[in-house]
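Novice: Here it is, the structure, as C-alpha cells.
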Amino acid sequence: MRAIELASAPARPRTRAARQFETSLVQEAVNIKTACMRLEFLLYANFSLTDWFVTLTYDDWHLPPGFDAARKNQPAYFRKLRAHRKAEGLPFDYVYVMEGLHGEHRVHHHFVTKRAPGDTRQLFADLWQKGYVDIQTIGEFGGYRAVARYMTKEPRKTGKLRVGARMWTPSKGLIQPERADIELAPGEHYQPPTGATAFEGAKFPERIENTFGTFTTFDFELPEITTSHL
C-alpha cells in the first residue's frame, strides 16, 4: 500500500496540504482493496472453479502501440467467442480487464468466462492469433481470490488506475452479490451462521491490525441449501 511507503519516508514538517495528500493516497488504497474484494464476490456468484481464466498476450508483430489500439481488439475477439457460445445455445458471460502498466509494460488482456461444451485451449488460441494464449480453470489458478487479486494487481502495484479506466468490465446480466449489514449491540461478538466453513483455506476468524485499527474478519461460505415442494 502506498500508505506504508509514505510512513517510511524521512520525517518532514507536516502541513494541512500534506496531510490531505496522504489521506487521499490511503483512501485510494482502501478503495482498490475493496474493489478487489467485490470482484472476488462477483466471480464467486457467477462462475465455478472449473470455468476459464484466460490471458491474451501479443507477439512482436501484433503488439499494439498503446491502450487505445489494444482496446479495439477485445470486442473483435469477444464477438468470435460469443458466436461460438451462440452456436451452442449458451450465453457469453465474462469479466474482463486490460493491463500494461507493470512488468515490461506490454499491453495484454485477462478475462474470466464460463466453460462451454466443446471448449478447448486450442479454440481460444485459434480465435486470437495475435500472440500467446494462457488458459486455466479458476481452480487451477488457485481459486476465486487468487484470480481476483491477479486481475486487480496493476492498480494495487501502481497505486492507481489508468485515467478514465474502470477496475474491470463485466458482461450484462451477471448476478450481483448482495450485501447484508448486521448491527451488534455494545459488547456483543459476531457469531457466524451454523454450517459456515473457512473459504478457500482462509483463517477463520482472522485478526488484522493496520493503520485504521484492529478488527476481525470472518471469511466463510455456507453449504448450498436445497428446497423441495411437497
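As shown in the C-alpha cells, the chain order sets the letters A, B, ...; within each chain, residues go from 1, and ligands are also counted from 1 in the order they appear.
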Hey, what's within 7 Å of Thr197 (chain A) if we count only C-alpha atoms and toss same-chain stuff fewer than 3 positions away? As a ChimeraX atom specification, please?

Specialist: /A:220-222

Novice: Next, write the just-selected residues to a file, as a short mmCIF file (atom, residue, chain, number, x, y, z; two decimals), in the first residue's frame, keeping N, CA, C and O atoms as the atom set.

Specialist:
data_model
loop_
_atom_site.label_atom_id
_atom_site.label_comp_id
_atom_site.auth_asym_id
_atom_site.auth_seq_id
_atom_site.Cartn_x
_atom_site.Cartn_y
_atom_site.Cartn_z
N PHE A 220 -16.04 -16.84 5.18
CA PHE A 220 -16.60 -18.19 5.17
C PHE A 220 -17.60 -18.36 4.03
O PHE A 220 -18.02 -17.40 3.39
N GLU A 221 -17.97 -19.61 3.78
CA GLU A 221 -19.05 -19.92 2.86
C GLU A 221 -19.99 -20.90 3.54
O GLU A 221 -19.62 -21.60 4.48
N LEU A 222 -21.22 -20.90 3.06
CA LEU A 222 -22.26 -21.76 3.62
C LEU A 222 -22.62 -22.84 2.61
O LEU A 222 -22.56 -22.62 1.38
#

Novice: DSSP on the backbone: which residues in region 45-220 of chain A end up as strand (DSSP E)? Give the answer as a ChimeraX atom specification.

Specialist: /A:52-56,94-99,108-113,133-137,169-170,197-198,206-210,213-217,220

Novice: Write out as a PDB file with N, CA and C atoms, in the first residue's frame which residues come within 10 Å of Tyr150 (chain A) when counting only C-alpha atoms, dropping same-chain ones fewer than 5 positions away.

Specialist:
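Ended up saving to out-v3.pdb:
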ATOM      1  N   CYS A  36     -11.148  -5.101  -5.157  1.00  0.00           N
ATOM      2  CA  CYS A  36     -10.656  -6.463  -5.326  1.00  0.00           C
ATOM      3  C   CYS A  36     -11.582  -7.454  -4.630  1.00  0.00           C
ATOM      4  N   HIS A 110      -6.904  -9.950 -19.692  1.00  0.00           N
ATOM      5  CA  HIS A 110      -7.339 -11.061 -18.843  1.00  0.00           C
ATOM      6  C   HIS A 110      -8.867 -11.088 -18.840  1.00  0.00           C
ATOM      7  N   PHE A 141      -5.830 -22.056 -11.193  1.00  0.00           N
ATOM      8  CA  PHE A 141      -5.079 -20.835 -10.905  1.00  0.00           C
ATOM      9  C   PHE A 141      -4.948 -20.575  -9.404  1.00  0.00           C
ATOM     10  N   TYR A 144     -10.960 -18.319  -6.458  1.00  0.00           N
ATOM     11  CA  TYR A 144     -11.555 -17.009  -6.745  1.00  0.00           C
ATOM     12  C   TYR A 144     -10.689 -15.855  -6.254  1.00  0.00           C
ATOM     13  N   ARG A 145     -10.161 -15.985  -5.057  1.00  0.00           N
ATOM     14  CA  ARG A 145      -9.362 -14.884  -4.507  1.00  0.00           C
ATOM     15  C   ARG A 145      -8.089 -14.671  -5.309  1.00  0.00           C
ATOM     16  N   ARG A 156      -3.201  -2.193  -7.776  1.00  0.00           N
ATOM     17  CA  ARG A 156      -2.623  -2.396  -6.445  1.00  0.00           C
ATOM     18  C   ARG A 156      -1.123  -2.149  -6.453  1.00  0.00           C
TER      19      ARG A 156
END

Novice: A:Asp126, A:Glu178, A:Lys172, A:Pro117: which is nearest Ala87 (chain A), counting only C-alpha atoms?

Specialist: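 Checking each candidate against Ala87 (chain A), we get A:Pro117 as the closest.
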
Novice: Do you have the CA of Arg121 (chain A)-CA of Phe199 (chain A) distance handy?

Specialist: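 For CA of Arg121 (chain A) relative to CA of Phe199 (chain A), the distance reads 28.7 Å.
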
Novice: Work out how far apart CA of Leu184 (chain A) and CA of Met37 (chain A) are and give it in Å to one decimal.

Specialist: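 CA of Met37 (chain A) lies 22.9 Å from CA of Leu184 (chain A).
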
Novice: Which of these residues is nearest to Leu39 (chain A), using only C-alpha atoms: A:Asn73, A:Thr113, A:Thr120, A:Thr169?

Specialist: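 Result for the nearest residue to Leu39 (chain A): A:Thr169.
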
Novice: Return the single residue from A:Gly142, A:Ala198, A:His105, A:Phe111 that is closest to Leu63 (chain A), with distances computed using only C-alpha atoms.

Specialist: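 Residue with the minimum atom-to-atom distance to Leu63 (chain A): A:His105.
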
Novice: As JSON, numbers by chain, please: the residues near Val97 (chain A) (cut-off 12 Å, only C-alpha atoms, same-chain neighbours under 4 positions excluded).

Specialist: {"A": [39, 53, 54, 55, 56, 67, 70, 71, 74, 107, 108, 109, 110, 111, 112, 147, 148, 150, 151, 152, 153, 154, 155, 161, 162, 165, 166, 167, 168, 169, 170, 171]}

Novice: Please list as a ChimeraX atom specification every residue within 12 Å of Asp219 (chain A), counting only C-alpha atoms and excluding residues in the same chain fewer than 3 positions away.

Specialist: /A:37,40-41,145,192-193,196-207,216,222

Novice: Given the selection you just returned, output its residues as a file containing N, CA and C atoms, formatted as a compact mmCIF listing (two decimals), in the first residue's frame.

Specialist:
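Produced file again05.txt, reproduced below:
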# COMPACT_ATOMS: atom_id res chain seq x y z
N MET A 37 -12.04 -7.11 -3.44
CA MET A 37 -12.95 -7.98 -2.71
C MET A 37 -14.29 -8.10 -3.45
N GLU A 40 -13.93 -10.50 -6.25
CA GLU A 40 -13.93 -11.87 -5.75
C GLU A 40 -15.35 -12.37 -5.55
N PHE A 41 -16.20 -11.55 -4.93
CA PHE A 41 -17.60 -11.94 -4.71
C PHE A 41 -18.34 -12.11 -6.03
N ARG A 145 -10.16 -15.98 -5.06
CA ARG A 145 -9.36 -14.88 -4.51
C ARG A 145 -8.09 -14.67 -5.31
N PRO A 192 -20.74 -16.55 13.39
CA PRO A 192 -21.07 -16.99 12.03
C PRO A 192 -22.28 -17.92 12.02
N PRO A 193 -23.00 -18.01 10.91
CA PRO A 193 -24.15 -18.91 10.82
C PRO A 193 -23.75 -20.37 10.99
N ALA A 196 -21.12 -22.69 8.66
CA ALA A 196 -20.11 -21.88 7.98
C ALA A 196 -18.75 -22.56 8.05
N THR A 197 -18.05 -22.56 6.93
CA THR A 197 -16.69 -23.12 6.87
C THR A 197 -15.76 -22.10 6.24
N ALA A 198 -14.48 -22.17 6.59
CA ALA A 198 -13.50 -21.23 6.08
C ALA A 198 -13.45 -21.28 4.56
N PHE A 199 -13.38 -20.12 3.93
CA PHE A 199 -13.40 -20.02 2.48
C PHE A 199 -11.99 -20.15 1.92
N GLU A 200 -11.79 -21.11 1.04
CA GLU A 200 -10.52 -21.33 0.33
C GLU A 200 -9.31 -21.28 1.27
N GLY A 201 -9.45 -21.94 2.42
CA GLY A 201 -8.32 -22.05 3.33
C GLY A 201 -8.01 -20.81 4.13
N ALA A 202 -8.92 -19.85 4.15
CA ALA A 202 -8.68 -18.61 4.90
C ALA A 202 -8.70 -18.88 6.40
N LYS A 203 -8.01 -18.02 7.16
CA LYS A 203 -8.10 -18.10 8.61
C LYS A 203 -9.52 -17.75 9.04
N PHE A 204 -10.01 -18.43 10.05
CA PHE A 204 -11.43 -18.28 10.39
C PHE A 204 -11.62 -18.37 11.90
N PRO A 205 -11.72 -17.24 12.61
CA PRO A 205 -11.63 -15.86 12.10
C PRO A 205 -10.17 -15.40 11.99
N GLU A 206 -9.97 -14.21 11.43
CA GLU A 206 -8.63 -13.64 11.29
C GLU A 206 -8.59 -12.25 11.91
N ARG A 207 -7.63 -12.03 12.79
CA ARG A 207 -7.47 -10.73 13.44
C ARG A 207 -6.46 -9.91 12.64
N THR A 216 -11.51 -7.91 13.22
CA THR A 216 -11.55 -9.34 12.95
C THR A 216 -12.42 -9.62 11.75
N LEU A 222 -21.22 -20.90 3.06
CA LEU A 222 -22.26 -21.76 3.62
C LEU A 222 -22.62 -22.84 2.61

Novice: Grab the CA of Ala146 (chain A) to CA of Tyr190 (chain A) distance for me, in Å with one decimal place.

Specialist: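 So the answer is 26.8 Å.
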
Novice: I need the residue nearest Ala116 (chain A) from this list: A:Phe78, A:Arg38, A:Trp52, A:Gly100. Use only C-alpha atoms for the distance.

Specialist: A:Trp52

Novice: Restricting the calculation to only C-alpha atoms, which member of A:Leu42, A:Thr137, A:Phe124, A:Lys33 is positioned closest to Gln176 (chain A)?

Specialist: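 Of all the options, A:Leu42 lies closest to Gln176 (chain A).
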